[in-house]
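S.K.: Handing over entry.cif, mmCIF, C-alpha atoms and all ligand atoms.
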```
data_query
loop_
_atom_site.label_atom_id
_atom_site.label_comp_id
_atom_site.auth_asym_id
_atom_site.auth_seq_id
_atom_site.Cartn_x
_atom_site.Cartn_y
_atom_site.Cartn_z
CA MET A 1 102.20 1.44 -44.00
CA ALA A 2 104.97 2.10 -46.46
CA GLU A 3 107.34 1.53 -43.62
CA LYS A 4 105.70 -1.72 -42.65
CA MET A 5 105.84 -3.10 -46.12
CA ALA A 6 109.53 -2.59 -46.31
CA ILE A 7 110.23 -5.77 -44.39
CA HIS A 8 113.05 -7.50 -46.12
CA PRO A 9 113.69 -11.21 -45.96
CA ALA A 10 116.25 -12.02 -43.32
CA LYS A 11 119.71 -11.23 -44.52
CA LYS A 12 122.41 -13.62 -43.46
CA THR A 13 125.29 -12.18 -41.53
CA THR A 14 128.54 -13.57 -42.72
CA THR A 15 129.87 -16.11 -40.29
CA LYS A 16 133.02 -14.09 -39.90
CA ALA A 17 131.16 -10.95 -38.90
CA ALA A 18 128.91 -12.91 -36.57
CA LEU A 19 131.88 -14.56 -34.91
CA LYS A 20 133.60 -11.26 -34.46
CA ALA A 21 130.47 -9.80 -32.86
CA THR A 22 130.07 -12.67 -30.45
CA ARG A 23 133.68 -12.36 -29.51
CA SER A 24 133.56 -8.63 -28.99
CA VAL A 25 130.36 -8.82 -26.95
CA SER A 26 131.56 -11.57 -24.64
CA LYS A 27 135.00 -10.07 -24.26
CA LYS A 28 133.61 -6.74 -23.22
CA GLY A 29 130.99 -8.28 -20.99
CA ALA A 30 133.77 -8.58 -18.45
CA SER A 31 133.64 -4.92 -17.39
CA PRO A 32 129.97 -4.25 -16.79
CA ILE A 33 128.37 -0.88 -16.09
CA ALA A 34 125.44 -0.50 -13.74
CA ASN A 35 122.18 0.73 -15.29
CA ASN A 36 121.84 3.72 -13.05
CA ASP A 37 125.38 4.91 -13.71
CA VAL A 38 124.33 6.36 -17.03
CA TYR A 39 123.04 9.92 -16.91
CA VAL A 40 122.36 10.74 -20.56
CA SER A 41 121.43 8.32 -23.34
CA VAL A 42 121.74 9.73 -26.85
CA VAL A 43 119.52 7.88 -29.32
CA ILE A 44 120.29 8.12 -33.04
CA PRO A 45 118.47 6.33 -35.89
CA VAL A 46 120.74 5.77 -38.86
CA TYR A 47 119.82 4.96 -42.42
CA ASN A 48 122.48 5.14 -45.14
CA GLU A 49 124.46 7.86 -43.40
CA GLU A 50 128.04 6.71 -44.03
CA ALA A 51 129.03 10.22 -45.12
CA CYS A 52 127.93 11.86 -41.85
CA LEU A 53 128.91 9.31 -39.26
CA GLU A 54 132.58 10.03 -38.62
CA SER A 55 132.09 13.73 -38.02
CA LEU A 56 128.99 12.97 -35.96
CA TYR A 57 131.11 10.68 -33.81
CA GLN A 58 133.82 13.30 -33.34
CA ARG A 59 131.50 16.18 -32.54
CA LEU A 60 129.05 14.23 -30.40
CA THR A 61 131.65 12.50 -28.24
CA SER A 62 133.55 15.73 -27.67
CA VAL A 63 130.37 17.56 -26.63
CA MET A 64 129.31 14.71 -24.34
CA ASP A 65 132.79 14.34 -22.85
CA ASN A 66 132.63 18.03 -21.98
CA VAL A 67 129.27 17.63 -20.27
CA GLY A 68 131.23 15.49 -17.86
CA LYS A 69 128.45 13.08 -16.84
CA PRO A 70 128.36 9.36 -17.66
CA TYR A 71 126.64 8.84 -20.98
CA GLU A 72 125.90 6.28 -23.66
CA ILE A 73 125.12 6.57 -27.35
CA LEU A 74 122.66 4.16 -28.98
CA PHE A 75 122.77 3.89 -32.73
CA THR A 76 120.05 1.96 -34.51
CA ASN A 77 121.09 0.90 -37.98
CA ASP A 78 117.78 0.87 -39.82
CA GLY A 79 118.78 -1.58 -42.56
CA SER A 80 121.31 0.67 -44.28
CA LYS A 81 122.68 -0.55 -47.56
CA ASP A 82 125.95 1.37 -47.44
CA GLN A 83 128.95 1.10 -45.11
CA THR A 84 126.94 2.31 -42.08
CA SER A 85 126.98 -1.08 -40.37
CA GLU A 86 130.78 -1.41 -40.54
CA ILE A 87 131.29 2.17 -39.35
CA LEU A 88 129.00 1.68 -36.35
CA ARG A 89 130.76 -1.56 -35.47
CA ASP A 90 134.01 0.37 -35.49
CA PHE A 91 132.52 3.05 -33.19
CA HIS A 92 131.52 0.33 -30.77
CA ASP A 93 135.03 -1.08 -30.85
CA ARG A 94 136.47 2.36 -30.14
CA ARG A 95 134.29 3.04 -27.09
CA PRO A 96 132.74 -0.30 -26.14
CA HIS A 97 131.33 0.86 -22.82
CA GLN A 98 129.70 3.99 -24.22
CA ILE A 99 128.50 3.07 -27.67
CA ARG A 100 125.76 0.53 -28.29
CA VAL A 101 124.58 -0.49 -31.72
CA ILE A 102 121.25 -2.08 -32.61
CA GLU A 103 121.28 -3.71 -36.05
CA PHE A 104 117.88 -3.97 -37.68
CA ASN A 105 117.04 -6.75 -40.05
CA GLY A 106 115.72 -4.42 -42.75
CA ASN A 107 114.32 -0.91 -42.98
CA PHE A 108 111.53 -0.32 -40.47
CA GLY A 109 111.53 3.47 -40.46
CA GLN A 110 112.98 6.18 -38.29
CA HIS A 111 110.36 5.94 -35.55
CA MET A 112 110.77 2.20 -35.09
CA ALA A 113 114.55 2.68 -34.98
CA ILE A 114 114.07 5.16 -32.14
CA MET A 115 111.58 2.86 -30.43
CA ALA A 116 114.04 -0.05 -30.38
CA ALA A 117 116.60 2.19 -28.71
CA PHE A 118 114.02 3.57 -26.25
CA GLU A 119 113.28 0.05 -25.09
CA ARG A 120 116.93 -0.37 -24.17
CA VAL A 121 118.16 2.96 -22.82
CA ARG A 122 119.93 3.01 -19.48
CA GLY A 123 120.15 6.75 -18.83
CA GLN A 124 118.00 9.12 -16.81
CA ILE A 125 117.70 11.66 -19.61
CA ILE A 126 117.21 10.54 -23.17
CA VAL A 127 118.26 12.81 -26.02
CA ASN A 128 117.05 11.91 -29.49
CA MET A 129 118.79 13.35 -32.54
CA ASP A 130 119.27 12.70 -36.26
CA ALA A 131 122.49 11.33 -37.67
CA ASP A 132 122.81 14.10 -40.24
CA MET A 133 123.63 16.80 -37.65
CA GLN A 134 121.04 19.21 -39.03
CA ASN A 135 120.62 19.92 -35.36
CA PRO A 136 124.20 20.27 -34.20
CA PRO A 137 125.33 18.12 -31.26
CA GLU A 138 126.71 21.32 -29.74
CA GLU A 139 123.10 22.20 -28.86
CA ILE A 140 122.70 19.22 -26.53
CA PRO A 141 123.86 21.09 -23.40
CA LYS A 142 121.00 23.53 -24.05
CA LEU A 143 118.48 20.71 -23.92
CA LEU A 144 120.11 19.31 -20.79
CA ALA A 145 120.01 22.72 -19.12
CA ALA A 146 116.28 23.06 -19.79
CA PHE A 147 115.79 19.54 -18.49
CA GLU A 148 117.71 20.28 -15.32
CA ALA A 149 115.57 23.37 -14.81
CA GLY A 150 112.72 20.94 -14.09
CA HIS A 151 111.14 20.06 -17.43
CA ASP A 152 110.51 16.41 -18.19
CA TYR A 153 110.14 17.01 -21.93
CA VAL A 154 112.33 19.44 -23.80
CA GLY A 155 111.10 19.91 -27.33
CA SER A 156 112.78 22.05 -29.89
CA TYR A 157 111.87 24.03 -32.91
CA ARG A 158 114.16 24.90 -35.75
CA ASP A 159 115.53 28.37 -35.48
CA GLY A 160 116.11 29.64 -39.01
CA ARG A 161 115.29 26.46 -40.86
CA ASP A 162 117.87 25.78 -43.53
CA ASP A 163 116.10 23.45 -45.94
CA SER A 164 114.77 23.95 -49.42
CA PHE A 165 111.69 26.17 -48.96
CA LEU A 166 109.39 24.82 -51.64
CA LEU A 167 110.17 21.15 -51.16
CA ARG A 168 110.58 20.82 -47.40
CA THR A 169 109.76 23.93 -45.37
CA LEU A 170 106.44 24.78 -47.03
CA PRO A 171 105.02 21.22 -47.02
CA SER A 172 106.07 20.67 -43.43
CA LYS A 173 104.60 24.04 -42.35
CA PHE A 174 101.32 23.01 -43.94
CA MET A 175 101.43 19.56 -42.35
CA ASN A 176 102.17 21.11 -38.96
CA TRP A 177 99.16 23.38 -39.28
CA LEU A 178 96.86 20.58 -40.42
CA ARG A 179 98.06 18.32 -37.65
CA SER A 180 97.54 20.81 -34.86
CA LYS A 181 94.01 21.46 -36.18
CA ALA A 182 93.10 17.78 -36.42
CA THR A 183 94.80 16.29 -33.39
CA GLY A 184 94.79 19.28 -31.07
CA ILE A 185 98.45 18.69 -30.28
CA LYS A 186 100.31 21.96 -30.12
CA ILE A 187 103.85 21.07 -30.97
CA ARG A 188 105.55 23.87 -32.77
CA ASP A 189 107.75 21.85 -35.03
CA GLN A 190 106.74 18.22 -35.15
CA GLY A 191 109.38 17.28 -37.74
CA CYS A 192 112.20 18.26 -35.42
CA MET A 193 113.20 15.11 -33.58
CA PHE A 194 115.94 16.80 -31.57
CA ARG A 195 114.42 16.44 -28.12
CA ALA A 196 115.18 15.39 -24.55
CA TYR A 197 112.85 13.16 -22.54
CA SER A 198 112.81 11.92 -18.99
CA ARG A 199 113.26 8.21 -18.48
CA ARG A 200 109.66 7.96 -17.26
CA ILE A 201 108.33 9.33 -20.56
CA VAL A 202 110.60 7.11 -22.63
CA ASP A 203 109.47 4.03 -20.70
CA LEU A 204 105.84 5.02 -21.31
CA ILE A 205 106.51 5.54 -25.02
CA ALA A 206 108.20 2.15 -25.24
CA GLN A 207 105.29 0.51 -23.42
CA SER A 208 102.76 2.05 -25.80
CA ALA A 209 103.75 -0.60 -28.33
CA GLU A 210 102.00 1.08 -31.24
CA SER A 211 103.01 -0.07 -34.66
CA SER A 212 103.44 3.30 -36.32
CA THR A 213 103.98 5.84 -33.71
CA PHE A 214 105.12 9.38 -33.31
CA VAL A 215 107.74 9.60 -30.67
CA THR A 216 107.55 13.38 -30.36
CA VAL A 217 103.76 13.43 -30.06
CA LEU A 218 103.52 10.51 -27.64
CA GLY A 219 106.21 12.09 -25.50
CA TYR A 220 104.34 15.36 -25.47
CA ILE A 221 101.11 13.67 -24.40
CA TYR A 222 102.87 11.89 -21.53
CA ALA A 223 104.83 14.92 -20.33
CA SER A 224 103.83 16.79 -17.22
CA ASN A 225 105.99 19.86 -17.66
CA PRO A 226 106.93 20.25 -21.33
CA ILE A 227 108.83 23.12 -22.85
CA GLU A 228 109.99 23.94 -26.37
CA ILE A 229 113.21 25.79 -27.03
CA PRO A 230 114.74 27.08 -30.26
CA VAL A 231 117.70 25.15 -31.67
CA VAL A 232 120.01 25.90 -34.56
CA HIS A 233 119.15 24.16 -37.79
CA GLN A 234 121.59 23.65 -40.65
CA ALA A 235 121.29 22.28 -44.14
CA ARG A 236 122.29 18.68 -44.57
CA PHE A 237 125.88 18.87 -45.74
CA GLU A 238 126.43 15.20 -46.45
CA GLY A 239 124.13 12.57 -47.91
CA GLU A 240 120.55 13.39 -48.73
CA SER A 241 117.19 13.52 -47.00
CA LYS A 242 115.63 10.10 -46.54
CA TYR A 243 112.16 11.53 -46.92
CA ASP A 244 110.44 12.36 -50.17
CA ILE A 245 107.04 14.03 -50.53
CA TYR A 246 105.26 10.66 -50.60
CA LYS A 247 106.84 9.53 -47.34
CA LEU A 248 105.96 12.89 -45.79
CA VAL A 249 102.31 12.49 -46.77
CA ARG A 250 102.28 8.91 -45.46
CA VAL A 251 103.80 9.96 -42.19
CA THR A 252 101.21 12.70 -41.78
CA PHE A 253 98.40 10.28 -42.51
CA ASP A 254 99.81 7.93 -39.88
CA LEU A 255 99.87 10.80 -37.45
CA PHE A 256 96.23 11.64 -38.13
CA THR A 257 94.89 8.13 -37.85
CA GLY A 258 97.17 7.44 -34.88
CA PHE A 259 96.08 10.37 -32.76
CA SER A 260 92.73 11.52 -34.02
CA MET A 261 89.32 10.27 -35.03
CA ALA A 262 88.73 13.52 -36.92
CA PRO A 263 88.93 12.00 -40.44
CA LEU A 264 86.19 9.50 -39.55
CA GLN A 265 84.09 12.12 -37.82
CA ILE A 266 84.40 14.71 -40.55
CA PHE A 267 83.41 12.05 -42.99
CA THR A 268 80.34 11.07 -41.00
CA VAL A 269 79.22 14.68 -40.67
CA PHE A 270 79.79 15.18 -44.37
CA GLY A 271 77.80 12.01 -45.10
CA PHE A 272 74.85 13.37 -43.10
CA LEU A 273 74.99 16.70 -44.90
CA VAL A 274 75.12 15.10 -48.33
CA SER A 275 72.24 12.74 -47.50
CA ALA A 276 70.13 15.67 -46.35
CA LEU A 277 70.88 17.61 -49.52
CA SER A 278 70.21 14.64 -51.79
CA GLY A 279 66.96 14.05 -49.90
CA LEU A 280 65.90 17.58 -50.78
CA LEU A 281 66.97 17.06 -54.39
CA VAL A 282 64.91 13.87 -54.65
CA ALA A 283 61.85 15.63 -53.19
CA TYR A 284 62.31 18.46 -55.67
CA LEU A 285 62.65 16.03 -58.61
CA ILE A 286 59.53 14.10 -57.57
CA GLY A 287 57.67 17.43 -57.37
CA ARG A 288 58.79 18.33 -60.90
CA ARG A 289 57.81 14.87 -62.16
CA LEU A 290 54.31 15.30 -60.76
CA ILE A 291 53.81 18.90 -61.95
CA ILE A 292 55.70 19.07 -65.25
CA GLY A 293 55.66 15.39 -66.15
CA PRO A 294 58.55 13.27 -67.45
CA GLU A 295 61.64 15.20 -68.69
CA ALA A 296 65.05 14.02 -69.91
CA GLU A 297 67.02 17.22 -69.39
CA GLY A 298 69.31 17.46 -66.44
CA LEU A 299 70.71 14.00 -67.07
CA PHE A 300 74.26 15.28 -66.87
CA THR A 301 73.58 17.17 -63.68
CA LEU A 302 72.40 13.89 -62.29
CA PHE A 303 75.54 12.16 -63.49
CA SER A 304 77.78 14.80 -61.99
CA VAL A 305 76.00 14.49 -58.68
CA LEU A 306 76.35 10.73 -58.91
CA PHE A 307 80.05 10.84 -59.73
CA PHE A 308 80.61 13.23 -56.88
CA LEU A 309 78.87 10.94 -54.42
CA VAL A 310 80.73 7.90 -55.70
CA SER A 311 84.06 9.65 -55.22
CA VAL A 312 83.02 10.65 -51.72
CA ALA A 313 82.13 7.05 -50.96
CA ILE A 314 85.50 5.84 -52.23
CA THR A 315 87.33 8.37 -50.08
CA GLY A 316 85.32 7.17 -47.13
CA ILE A 317 86.23 3.56 -47.74
CA GLY A 318 89.86 4.65 -47.94
CA ILE A 319 89.71 6.42 -44.59
CA VAL A 320 87.95 3.53 -42.90
CA GLY A 321 90.59 1.30 -44.49
CA GLU A 322 93.36 3.28 -42.82
CA TYR A 323 91.88 2.63 -39.41
CA VAL A 324 91.12 -1.00 -40.18
CA GLY A 325 94.73 -1.34 -41.37
CA ARG A 326 95.97 0.01 -38.05
CA ILE A 327 93.74 -2.39 -36.13
CA TYR A 328 94.99 -5.21 -38.30
CA GLN A 329 98.59 -4.38 -37.57
CA VAL A 330 97.96 -4.44 -33.84
CA VAL A 331 95.83 -7.57 -33.90
CA ARG A 332 98.42 -9.47 -35.90
CA HIS A 333 100.89 -9.19 -33.04
CA ARG A 334 103.78 -9.19 -35.44
CA PRO A 335 106.96 -7.63 -34.13
CA ARG A 336 107.19 -3.98 -35.09
CA PHE A 337 110.79 -4.42 -36.05
CA LEU A 338 113.32 -7.21 -36.23
CA ILE A 339 116.67 -6.93 -34.57
CA LYS A 340 119.52 -8.84 -36.15
CA GLU A 341 122.17 -8.12 -33.59
CA ILE A 342 123.01 -5.84 -30.68
CA LEU A 343 126.55 -4.72 -29.96
CA GLU A 344 126.88 -3.68 -26.35
CA GLU A 345 128.50 -4.39 -23.06
CA LYS A 346 126.13 -6.17 -20.76
CA GLY A 347 124.59 -3.94 -18.08
CA GLU A 348 123.69 -4.74 -14.45
N1 LIG A 401 116.16 7.50 -40.87
C1 LIG A 401 115.98 6.17 -40.49
N2 LIG A 401 115.18 5.35 -41.25
C2 LIG A 401 114.53 5.80 -42.37
C3 LIG A 401 114.71 7.17 -42.73
C4 LIG A 401 115.52 7.97 -41.96
O1 LIG A 401 116.53 5.71 -39.48
O2 LIG A 401 113.83 5.02 -43.01
C5 LIG A 401 117.04 8.37 -40.06
C6 LIG A 401 118.10 9.12 -40.82
O3 LIG A 401 119.29 8.36 -40.95
C7 LIG A 401 118.31 10.34 -39.98
C8 LIG A 401 116.91 10.60 -39.41
O4 LIG A 401 116.21 9.36 -39.51
O5 LIG A 401 119.19 10.11 -38.90
C9 LIG A 401 116.18 11.70 -40.15
O6 LIG A 401 116.20 11.48 -41.53
P1 LIG A 401 116.46 12.64 -42.59
O7 LIG A 401 117.58 13.52 -42.10
O8 LIG A 401 116.61 12.03 -43.92
O9 LIG A 401 115.08 13.42 -42.50
P2 LIG A 401 114.88 15.00 -42.67
O10 LIG A 401 115.89 15.69 -41.81
O11 LIG A 401 115.08 15.26 -44.11
O12 LIG A 401 113.47 15.21 -42.19
MG MG A 402 117.73 15.50 -41.63
#
```
Go ahead and express the file in the form of structure tokens.
Ligand code: UDP
Ligand code: MG
M.R.:
Amino acid sequence: MAEKMAIHPAKKTTTKAALKATRSVSKKGASPIANNDVYVSVVIPVYNEEACLESLYQRLTSVMDNVGKPYEILFTNDGSKDQTSEILRDFHDRRPHQIRVIEFNGNFGQHMAIMAAFERVRGQIIVNMDADMQNPPEEIPKLLAAFEAGHDYVGSYRDGRDDSFLLRTLPSKFMNWLRSKATGIKIRDQGCMFRAYSRRIVDLIAQSAESSTFVTVLGYIYASNPIEIPVVHQARFEGESKYDIYKLVRVTFDLFTGFSMAPLQIFTVFGFLVSALSGLLVAYLIGRRLIIGPEAEGLFTLFSVLFFLVSVAITGIGIVGEYVGRIYQVVRHRPRFLIKEILEEKGE
């Protein structure tokens, strides 16, 4: 929900920039590429990554040029406040027929940024990666090789994770464990977005139209022959992580309520247990009242029991609220993200 609330009022593009975009789009529309010409689509969500982008561009294009198949790169600018937008525009100008840029009208979160690109990909294989190159672009051929060996979903797990242990690795290990217990989804490293999907899976993910959705998990559910391979993981060398502990907790909660009824069910079971126990307690107290007569001791025990039950009830309301919130988001039919502008050559 944190992501949803971050909807900013529409920012005005400067007329000059808008004019330039219109010009560049129409000018380049003259040399169209057919949809099925593209073999690989690389999808990259970008949020305040000005420091990483140039070297990402260099490394990614050289890797993809070497692969030797037609490809496209889709950047989604997720409402960055730095120079990201200008840099991406420049990338598009450098390779107009290969680089497409989706400009969001605010920050809608990494998963929505990926979703917007998934709705527009033209390739047969879709590779999703982060802009920070923690998973080096040089690993892409590995994913493609596994894909070509017949897998429609190539997941990855971080081989020798190079993040701060206490702040990132430990919490995400714990979240991974909790998630696989609650949702029954056995993905080894859910936080690693570096994955390849078949076009069929990506179309299904895009059709799912959920408001806060986990691309990796949805993809895994839709896959018929998934595989997970190890990929190199490096520390972020430019910029900083866009996730703090709070966002991580939020994201995990989203995951739980999005893919599992377990929180509701556990709560119901717990409610039954507590009612049974309090029933016994009441019977016992009535017995004492009848045998011993009125007594004032044990007042604090009673209070503690009461406080405990009240806190349980509040937690329950919170959990129900999470689900109601999700229903509300869907029922509202509001767009999951707003696109300000798309820089691309027209397909067909
Ligand atoms: N990102 C995004 N929107 C956000 C946060 C992150 O598009 O609100 C992008 C970010 O630019 C990066 C990717 O999502 O390409 C992963 O973010 P980050 O590297 O900060 O996450 P971490 O690797 O620390 O999990
Ligand atoms: Mg990262």
S.K.: Could the residues of chain A that have an atom at most 6 Å from ligand LIG 401 (chain A) be listed as a tab-separated table, each with its closest atom pair and the distance in Å to one decimal, counting all atoms listed in the file and ordered by chain and ascending residue number?
M.R.:
```
residue	atom	partner	partner_atom	distance
A:Pro45	CA	A:LIG401	O1	4.1
A:Val46	CA	A:LIG401	O3	3.6
A:Tyr47	CA	A:LIG401	O3	3.7
A:Glu49	CA	A:LIG401	O3	5.7
A:Asp78	CA	A:LIG401	O1	5.0
A:Asn107	CA	A:LIG401	O2	6.0
A:Gly109	CA	A:LIG401	O2	3.8
A:Gln110	CA	A:LIG401	C1	3.7
A:Ala113	CA	A:LIG401	O1	5.8
A:Asp130	CA	A:LIG401	O5	3.7
A:Ala131	CA	A:LIG401	O5	3.7
A:Asp132	CA	A:LIG401	O5	5.6
A:Ser241	CA	A:LIG401	O8	3.5
A:Lys242	CA	A:LIG401	O8	3.4
A:Tyr243	CA	A:LIG401	O8	5.4
```
S.K.: Between A:Gln234, A:Thr76, A:Asn176, A:Thr183, which has the minimum distance to ligand MG 402 (chain A) (counting only C-alpha atoms and all ligand atoms)?
M.R.: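 Closest candidate: A:Gln234.
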S.K.: Give the answer as one residue: which of A:Gln329, A:Ser311, A:Ser275, A:Gln190 has the shortest atom-to-atom distance to Leu255 of chain A, using all atoms listed in the file?
M.R.: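 The shortest atom-to-atom distance to Leu255 of chain A comes from A:Gln190.
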S.K.: Show me, as a JSON list (two decimals) with C-alpha atoms, in the frame of the given file, the residues that have an atom within 10 Å of Leu53 of chain A when counting only C-alpha atoms, minus same-chain residues fewer than 6 positions from it.
M.R.:
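Result saved to result30.json:
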```
[["chain", "number", "residue", "atom", "x", "y", "z"],
["A", 46, "VAL", "CA", 120.74, 5.77, -38.86],
["A", 59, "ARG", "CA", 131.50, 16.18, -32.54],
["A", 84, "THR", "CA", 126.94, 2.31, -42.08],
["A", 87, "ILE", "CA", 131.29, 2.17, -39.35],
["A", 88, "LEU", "CA", 129.00, 1.68, -36.35],
["A", 91, "PHE", "CA", 132.52, 3.05, -33.19],
["A", 131, "ALA", "CA", 122.49, 11.33, -37.67],
["A", 132, "ASP", "CA", 122.81, 14.10, -40.24],
["A", 133, "MET", "CA", 123.63, 16.80, -37.65],
["A", 238, "GLU", "CA", 126.43, 15.20, -46.45]]
```
S.K.: Using atom CA of Arg326 of chain A and atom CA of Cys192 of chain A as the two end points, give the distance in Å to one decimal.
M.R.: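 Computing it gives 24.6 Å between the two atoms.
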S.K.: Using the structure just given, write a file holding C-alpha atoms for segment 124-144 of chain A, as a PDB file, in the first residue's frame.
M.R.:
```
ATOM      1  CA  GLN A 124       9.810 -14.023 -27.482  1.00  0.00           C
ATOM      2  CA  ILE A 125      11.975 -14.203 -24.374  1.00  0.00           C
ATOM      3  CA  ILE A 126      11.718 -11.583 -21.685  1.00  0.00           C
ATOM      4  CA  VAL A 127      14.656 -10.953 -19.384  1.00  0.00           C
ATOM      5  CA  ASN A 128      14.021  -8.854 -16.294  1.00  0.00           C
ATOM      6  CA  MET A 129      16.928  -7.240 -14.461  1.00  0.00           C
ATOM      7  CA  ASP A 130      17.698  -4.396 -12.053  1.00  0.00           C
ATOM      8  CA  ALA A 131      19.348  -1.193 -13.169  1.00  0.00           C
ATOM      9  CA  ASP A 132      22.054  -1.400 -10.516  1.00  0.00           C
ATOM     10  CA  MET A 133      23.842  -4.364 -12.157  1.00  0.00           C
ATOM     11  CA  GLN A 134      23.997  -6.333  -8.916  1.00  0.00           C
ATOM     12  CA  ASN A 135      23.311  -9.161 -11.301  1.00  0.00           C
ATOM     13  CA  PRO A 136      25.774  -8.459 -14.084  1.00  0.00           C
ATOM     14  CA  PRO A 137      24.415  -8.235 -17.646  1.00  0.00           C
ATOM     15  CA  GLU A 138      27.189 -10.657 -18.617  1.00  0.00           C
ATOM     16  CA  GLU A 139      25.058 -13.396 -17.024  1.00  0.00           C
ATOM     17  CA  ILE A 140      22.211 -12.945 -19.502  1.00  0.00           C
ATOM     18  CA  PRO A 141      23.545 -15.521 -22.002  1.00  0.00           C
ATOM     19  CA  LYS A 142      23.359 -18.067 -19.162  1.00  0.00           C
ATOM     20  CA  LEU A 143      19.656 -17.389 -18.720  1.00  0.00           C
ATOM     21  CA  LEU A 144      19.115 -17.557 -22.471  1.00  0.00           C
TER      22      LEU A 144
END
```
